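Source file: final.tsv. Holds: TSV, C-alpha atoms.
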chain	number	residue	atom	x	y	z
A	1	MET	CA	-44.67	16.29	-8.50
A	2	LYS	CA	-47.27	18.72	-7.19
A	3	GLY	CA	-47.91	20.09	-10.69
A	4	SER	CA	-48.37	16.57	-12.06
A	5	LEU	CA	-50.83	15.75	-9.32
A	6	ILE	CA	-52.86	18.89	-10.03
A	7	ALA	CA	-52.85	18.16	-13.79
A	8	LEU	CA	-54.05	14.58	-13.20
A	9	LEU	CA	-56.76	15.82	-10.84
A	10	VAL	CA	-57.99	18.33	-13.45
A	11	VAL	CA	-58.14	15.59	-16.10
A	12	ALA	CA	-59.96	13.20	-13.73
A	13	LEU	CA	-62.51	15.88	-12.77
A	14	ALA	CA	-63.09	16.77	-16.44
A	15	LEU	CA	-63.66	13.12	-17.31
A	16	ALA	CA	-65.98	12.68	-14.31
A	17	ALA	CA	-67.99	15.74	-15.40
A	18	LEU	CA	-68.22	14.33	-18.93
A	19	ALA	CA	-69.40	10.97	-17.58
A	20	LEU	CA	-72.01	12.69	-15.39
A	21	ALA	CA	-73.23	14.70	-18.38
A	22	ARG	CA	-73.64	11.53	-20.43
A	23	GLY	CA	-75.74	9.90	-17.73
A	24	GLY	CA	-76.94	6.33	-18.14
A	25	GLY	CA	-74.71	5.01	-15.37
A	26	THR	CA	-71.51	6.11	-17.10
A	27	PHE	CA	-70.18	7.83	-13.99
A	28	GLY	CA	-70.78	4.77	-11.78
A	29	ALA	CA	-69.29	2.45	-14.40
A	30	GLY	CA	-66.21	4.67	-14.56
A	31	LEU	CA	-65.84	4.59	-10.78
A	32	ARG	CA	-66.19	0.79	-10.74
A	33	ALA	CA	-63.65	0.33	-13.55
A	34	GLY	CA	-61.21	2.64	-11.77
A	35	GLY	CA	-61.73	0.73	-8.52
A	36	VAL	CA	-61.00	-2.59	-10.23
A	37	GLN	CA	-57.76	-1.17	-11.66
A	38	LEU	CA	-56.83	0.24	-8.25
A	39	GLY	CA	-57.41	-3.17	-6.66
A	40	ARG	CA	-55.12	-4.81	-9.19
A	41	ILE	CA	-52.28	-2.32	-9.06
A	42	LEU	CA	-52.27	-1.20	-5.42
A	43	PRO	CA	-50.61	-4.34	-4.00
A	44	VAL	CA	-47.87	-4.11	-6.65
A	45	LEU	CA	-47.28	-0.43	-5.88
A	46	LEU	CA	-47.16	-1.05	-2.13
A	47	ILE	CA	-44.52	-3.74	-2.56
A	48	ALA	CA	-42.55	-1.53	-4.98
A	49	PHE	CA	-42.57	1.34	-2.47
A	50	LEU	CA	-41.44	-1.00	0.32
A	51	ILE	CA	-38.56	-2.17	-1.86
A	52	THR	CA	-37.72	1.46	-2.62
A	53	GLY	CA	-37.66	2.34	1.07
A	54	PHE	CA	-35.37	-0.55	1.91
A	55	ILE	CA	-33.05	0.27	-0.98
A	56	ASP	CA	-32.86	3.83	0.29
A	57	VAL	CA	-31.73	2.80	3.78
A	58	LEU	CA	-29.73	-0.33	2.96
A	59	LEU	CA	-27.72	0.69	-0.11
A	60	PRO	CA	-24.29	1.75	1.19
A	61	PRO	CA	-23.09	5.09	-0.25
A	62	GLY	CA	-19.68	3.55	-1.08
A	63	LEU	CA	-21.34	0.85	-3.17
A	64	VAL	CA	-23.41	3.45	-4.99
A	65	GLU	CA	-20.33	5.55	-5.69
A	66	ALA	CA	-18.27	2.60	-6.94
A	67	TRP	CA	-20.90	0.76	-8.96
A	68	LEU	CA	-23.81	3.06	-9.79
A	69	SER	CA	-22.59	6.66	-9.93
A	70	ASP	CA	-21.82	8.47	-13.14
A	71	ALA	CA	-18.15	8.03	-12.21
A	72	SER	CA	-18.60	4.24	-12.50
A	73	GLY	CA	-18.71	4.69	-16.29
A	74	TRP	CA	-19.64	1.73	-18.43
A	75	ARG	CA	-19.88	-0.57	-15.41
A	76	GLY	CA	-22.82	1.41	-13.98
A	77	ILE	CA	-24.49	1.72	-17.36
A	78	GLY	CA	-24.08	-2.01	-17.99
A	79	ILE	CA	-25.53	-2.90	-14.58
A	80	ALA	CA	-28.47	-0.57	-15.17
A	81	TRP	CA	-29.03	-1.98	-18.66
A	82	LEU	CA	-29.18	-5.54	-17.34
A	83	ALA	CA	-31.21	-4.59	-14.23
A	84	GLY	CA	-33.81	-2.90	-16.44
A	85	ILE	CA	-34.14	-6.03	-18.56
A	86	LEU	CA	-34.54	-8.21	-15.46
A	87	THR	CA	-36.95	-5.96	-13.51
A	88	PRO	CA	-40.21	-7.87	-13.11
A	89	GLY	CA	-43.34	-5.88	-13.72
A	90	GLY	CA	-41.74	-3.37	-16.06
A	91	SER	CA	-42.23	0.33	-15.42
A	92	ILE	CA	-44.79	-0.13	-12.65
A	93	ILE	CA	-41.97	-1.55	-10.52
A	94	GLY	CA	-39.13	0.29	-12.24
A	95	MET	CA	-40.39	3.83	-11.56
A	96	PRO	CA	-40.52	3.54	-7.76
A	97	LEU	CA	-37.20	1.68	-7.79
A	98	ALA	CA	-35.61	4.44	-9.87
A	99	ALA	CA	-36.96	7.05	-7.46
A	100	GLY	CA	-35.38	5.19	-4.54
A	101	LEU	CA	-32.11	4.77	-6.39
A	102	PHE	CA	-32.08	8.47	-7.25
A	103	GLN	CA	-32.53	9.31	-3.56
A	104	ALA	CA	-29.66	6.94	-2.75
A	105	GLY	CA	-27.36	8.90	-5.07
A	106	VAL	CA	-27.32	6.75	-8.19
A	107	GLY	CA	-26.00	8.69	-11.20
A	108	ILE	CA	-28.26	10.29	-13.79
A	109	SER	CA	-26.80	8.30	-16.69
A	110	VAL	CA	-27.32	5.06	-14.76
A	111	LEU	CA	-30.92	5.98	-13.90
A	112	VAL	CA	-31.79	6.95	-17.47
A	113	THR	CA	-30.20	3.75	-18.76
A	114	TYR	CA	-32.23	1.74	-16.24
A	115	LEU	CA	-35.53	3.48	-17.00
A	116	THR	CA	-35.04	3.15	-20.75
A	117	SER	CA	-34.11	-0.51	-20.40
A	118	VAL	CA	-37.18	-1.21	-18.24
A	119	ALA	CA	-39.43	0.50	-20.76
A	120	LEU	CA	-38.00	-1.15	-23.86
A	121	LEU	CA	-36.51	-4.49	-22.87
A	122	SER	CA	-38.21	-5.78	-19.72
A	123	VAL	CA	-38.46	-9.57	-19.64
A	124	LEU	CA	-42.17	-9.15	-18.99
A	125	ARG	CA	-42.68	-7.09	-22.14
A	126	VAL	CA	-41.12	-9.49	-24.64
A	127	PRO	CA	-43.47	-12.47	-24.07
A	128	ILE	CA	-46.48	-10.16	-24.30
A	129	GLU	CA	-45.17	-8.74	-27.57
A	130	LEU	CA	-44.59	-12.26	-28.89
A	131	GLY	CA	-48.24	-13.03	-28.27
A	132	PHE	CA	-49.49	-9.89	-29.99
A	133	LEU	CA	-46.88	-9.24	-32.68
A	134	GLY	CA	-45.33	-12.62	-33.39
A	135	PRO	CA	-41.68	-13.66	-33.25
A	136	ARG	CA	-40.37	-11.76	-36.31
A	137	LEU	CA	-41.71	-8.32	-35.42
A	138	THR	CA	-40.82	-8.81	-31.75
A	139	ALA	CA	-37.27	-9.82	-32.64
A	140	LEU	CA	-36.93	-6.80	-34.94
A	141	ARG	CA	-38.23	-4.43	-32.24
A	142	VAL	CA	-35.93	-5.89	-29.58
A	143	LEU	CA	-32.89	-5.77	-31.85
A	144	ALA	CA	-33.67	-2.19	-32.88
A	145	SER	CA	-34.08	-1.19	-29.22
A	146	LEU	CA	-31.28	-3.23	-27.68
A	147	PHE	CA	-28.62	-0.52	-27.63
A	148	LEU	CA	-30.92	2.43	-26.96
A	149	PRO	CA	-30.68	2.29	-23.12
A	150	PRO	CA	-26.91	2.91	-22.95
A	151	VAL	CA	-27.17	5.59	-25.64
A	152	ALA	CA	-29.93	7.29	-23.64
A	153	GLY	CA	-27.76	7.07	-20.51
A	154	LEU	CA	-24.79	8.66	-22.26
A	155	LEU	CA	-26.97	11.44	-23.69
A	156	ALA	CA	-28.41	12.02	-20.23
A	157	ARG	CA	-24.89	12.35	-18.83
A	158	LEU	CA	-24.18	15.09	-21.36
A	159	ALA	CA	-27.47	16.93	-20.81
A	160	ALA	CA	-27.78	16.53	-17.02
A	161	PRO	CA	-25.73	19.60	-16.03
A	162	TRP	CA	-28.11	21.85	-17.98
A	163	ILE	CA	-31.38	20.13	-17.03
A	164	VAL	CA	-31.06	18.79	-13.47
A	165	GLY	CA	-27.82	20.43	-12.35
A	166	ARG	CA	-26.38	17.10	-11.32
Any chance you could give the structure as structure tokens?
Amino acid sequence: MKGSLIALLVVALALAALALARGGGTFGAGLRAGGVQLGRILPVLLIAFLITGFIDVLLPPGLVEAWLSDASGWRGIGIAWLAGILTPGGSIIGMPLAAGLFQAGVGISVLVTYLTSVALLSVLRVPIELGFLGPRLTALRVLASLFLPPVAGLLARLAAPWIVGR
């Protein structure tokens, strides 16, 4: 996390220096545009982090073990697949939730299934795609992506011992 923060800071500083070099109010316009985005996304992130905190303290370890651990098998993957589809807000909500679930002991295959499902199949994504791409291309993309979350979860289960040691 620390490395990612440093990398983002370096990119932001480089872009700020470029904007300053351009002049003509580019730097101020960039700050204003960033502030507008921050104002839009900050309330969503705050709520997502609150949800994550409550999940962390309220999710009983026995429930996690039975329903959402790697030992839960297809049941956990199926729950994660459906939960990813139903997560409102897509990845902006899904990422903090996944972090909280990971802290609560949810299995790697379940988390990867959930994150892949949120990214590819979120109920919020499909109506937006319909508007931009139309029904035929959206249907093709959804059908082509439908079974990718459980496949990603199963692949993660196989690779996890070598990558995350869990």
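Between CA of Gly73 in chain A and CA of Ala48 in chain A lies a distance of 27.1 Å.
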Tell me which protein, DNA and RNA residues are within 12 Å of Phe147 in chain A, counting all atoms listed in the file, leaving out same-chain ones fewer than 2 positions away, and put them as a ChimeraX atom specification. /A:77-78,81-82,85,113,116-117,120-121,141-145,149-154
With C-alpha atoms retained, could you export that selection as a PDB file, in the coordinates of the input?
ATOM      1  CA  ILE A  77     -24.490   1.720 -17.360  1.00  0.00           C
ATOM      2  CA  GLY A  78     -24.080  -2.010 -17.990  1.00  0.00           C
ATOM      3  CA  TRP A  81     -29.030  -1.980 -18.660  1.00  0.00           C
ATOM      4  CA  LEU A  82     -29.180  -5.540 -17.340  1.00  0.00           C
ATOM      5  CA  ILE A  85     -34.140  -6.030 -18.560  1.00  0.00           C
ATOM      6  CA  THR A 113     -30.200   3.750 -18.760  1.00  0.00           C
ATOM      7  CA  THR A 116     -35.040   3.150 -20.750  1.00  0.00           C
ATOM      8  CA  SER A 117     -34.110  -0.510 -20.400  1.00  0.00           C
ATOM      9  CA  LEU A 120     -38.000  -1.150 -23.860  1.00  0.00           C
ATOM     10  CA  LEU A 121     -36.510  -4.490 -22.870  1.00  0.00           C
ATOM     11  CA  ARG A 141     -38.230  -4.430 -32.240  1.00  0.00           C
ATOM     12  CA  VAL A 142     -35.930  -5.890 -29.580  1.00  0.00           C
ATOM     13  CA  LEU A 143     -32.890  -5.770 -31.850  1.00  0.00           C
ATOM     14  CA  ALA A 144     -33.670  -2.190 -32.880  1.00  0.00           C
ATOM     15  CA  SER A 145     -34.080  -1.190 -29.220  1.00  0.00           C
ATOM     16  CA  PRO A 149     -30.680   2.290 -23.120  1.00  0.00           C
ATOM     17  CA  PRO A 150     -26.910   2.910 -22.950  1.00  0.00           C
ATOM     18  CA  VAL A 151     -27.170   5.590 -25.640  1.00  0.00           C
ATOM     19  CA  ALA A 152     -29.930   7.290 -23.640  1.00  0.00           C
ATOM     20  CA  GLY A 153     -27.760   7.070 -20.510  1.00  0.00           C
ATOM     21  CA  LEU A 154     -24.790   8.660 -22.260  1.00  0.00           C
TER      22      LEU A 154
END
From A:Gly35, A:Ala21, A:Ile41, A:Gly105, residue lying nearest Pro60 in chain A [only C-alpha atoms]: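 Closest to Pro60 in chain A of all the choices is A:Gly105.
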Range 141-148 of chain A, all listed atoms, 5 Å padding on each side: what axis-aligned box centre and edge lengths in Å to one decimal come out, as JSON?
{"center_x": -33.4, "center_y": -1.7, "center_z": -29.9, "size_x": 19.6, "size_y": 18.3, "size_z": 15.9}
Give me, please, the distance in Å between CA of Gly28 in chain A and CA of Leu42 in chain A, quoted to one decimal.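 Computed distance, CA of Gly28 in chain A to CA of Leu42 in chain A, equals 20.5 Å.
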So, counting all atoms listed in the file, which residue among A:Leu130, A:Ala119, A:Ala99, A:Ala80 is closest to Thr52 in chain A?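 Under the stated criterion, the closest residue is A:Ala99.
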What's the 12 Å shell around Leu68 in chain A, counting only C-alpha atoms, without same-chain residues fewer than 5 positions away, as a list in words?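 My list of contacting residues is Leu59, Pro60, Pro61, Gly62, Leu63, Gly73, Trp74, Arg75, Gly76, Ile77, Gly78, Ile79, Ala80, Trp81, Ala83, Ala98, Leu101, Phe102, Ala104, Gly105, Val106, Gly107, Ile108, Ser109, Val110, Leu111, Val112, Thr113 and Tyr114 of chain A.
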Please supply range 94-112 of chain A, rebuilt with N, CA and C atoms, as a CSV table (one decimal), keeping the file's coordinate frame.
chain,number,residue,atom,x,y,z
A,94,GLY,N,-40.3,-0.5,-11.9
A,94,GLY,CA,-39.1,0.3,-12.2
A,94,GLY,C,-39.2,1.7,-11.8
A,95,MET,N,-40.3,2.4,-11.9
A,95,MET,CA,-40.4,3.8,-11.6
A,95,MET,C,-40.1,4.0,-10.1
A,96,PRO,N,-40.8,3.3,-9.2
A,96,PRO,CA,-40.5,3.5,-7.8
A,96,PRO,C,-39.1,3.1,-7.4
A,97,LEU,N,-38.6,2.1,-8.0
A,97,LEU,CA,-37.2,1.7,-7.8
A,97,LEU,C,-36.2,2.8,-8.2
A,98,ALA,N,-36.5,3.4,-9.4
A,98,ALA,CA,-35.6,4.4,-9.9
A,98,ALA,C,-35.7,5.6,-8.9
A,99,ALA,N,-36.8,5.9,-8.4
A,99,ALA,CA,-37.0,7.0,-7.5
A,99,ALA,C,-36.1,6.8,-6.2
A,100,GLY,N,-36.2,5.6,-5.7
A,100,GLY,CA,-35.4,5.2,-4.5
A,100,GLY,C,-33.9,5.2,-4.8
A,101,LEU,N,-33.5,4.7,-6.0
A,101,LEU,CA,-32.1,4.8,-6.4
A,101,LEU,C,-31.6,6.2,-6.6
A,102,PHE,N,-32.4,7.1,-7.1
A,102,PHE,CA,-32.1,8.5,-7.2
A,102,PHE,C,-31.8,9.1,-5.9
A,103,GLN,N,-32.7,8.8,-4.9
A,103,GLN,CA,-32.5,9.3,-3.6
A,103,GLN,C,-31.3,8.8,-2.9
A,104,ALA,N,-30.9,7.6,-3.3
A,104,ALA,CA,-29.7,6.9,-2.8
A,104,ALA,C,-28.4,7.5,-3.4
A,105,GLY,N,-28.5,8.3,-4.5
A,105,GLY,CA,-27.4,8.9,-5.1
A,105,GLY,C,-26.9,8.3,-6.4
A,106,VAL,N,-27.7,7.4,-6.9
A,106,VAL,CA,-27.3,6.8,-8.2
A,106,VAL,C,-27.2,7.8,-9.3
A,107,GLY,N,-26.3,7.7,-10.2
A,107,GLY,CA,-26.0,8.7,-11.2
A,107,GLY,C,-27.1,8.8,-12.2
A,108,ILE,N,-27.2,10.0,-12.8
A,108,ILE,CA,-28.3,10.3,-13.8
A,108,ILE,C,-28.1,9.4,-15.0
A,109,SER,N,-26.9,9.2,-15.5
A,109,SER,CA,-26.8,8.3,-16.7
A,109,SER,C,-27.2,6.9,-16.4
A,110,VAL,N,-26.9,6.4,-15.2
A,110,VAL,CA,-27.3,5.1,-14.8
A,110,VAL,C,-28.8,5.0,-14.6
A,111,LEU,N,-29.5,6.0,-14.0
A,111,LEU,CA,-30.9,6.0,-13.9
A,111,LEU,C,-31.6,6.0,-15.3
A,112,VAL,N,-31.2,6.9,-16.2
A,112,VAL,CA,-31.8,7.0,-17.5
A,112,VAL,C,-31.6,5.7,-18.2
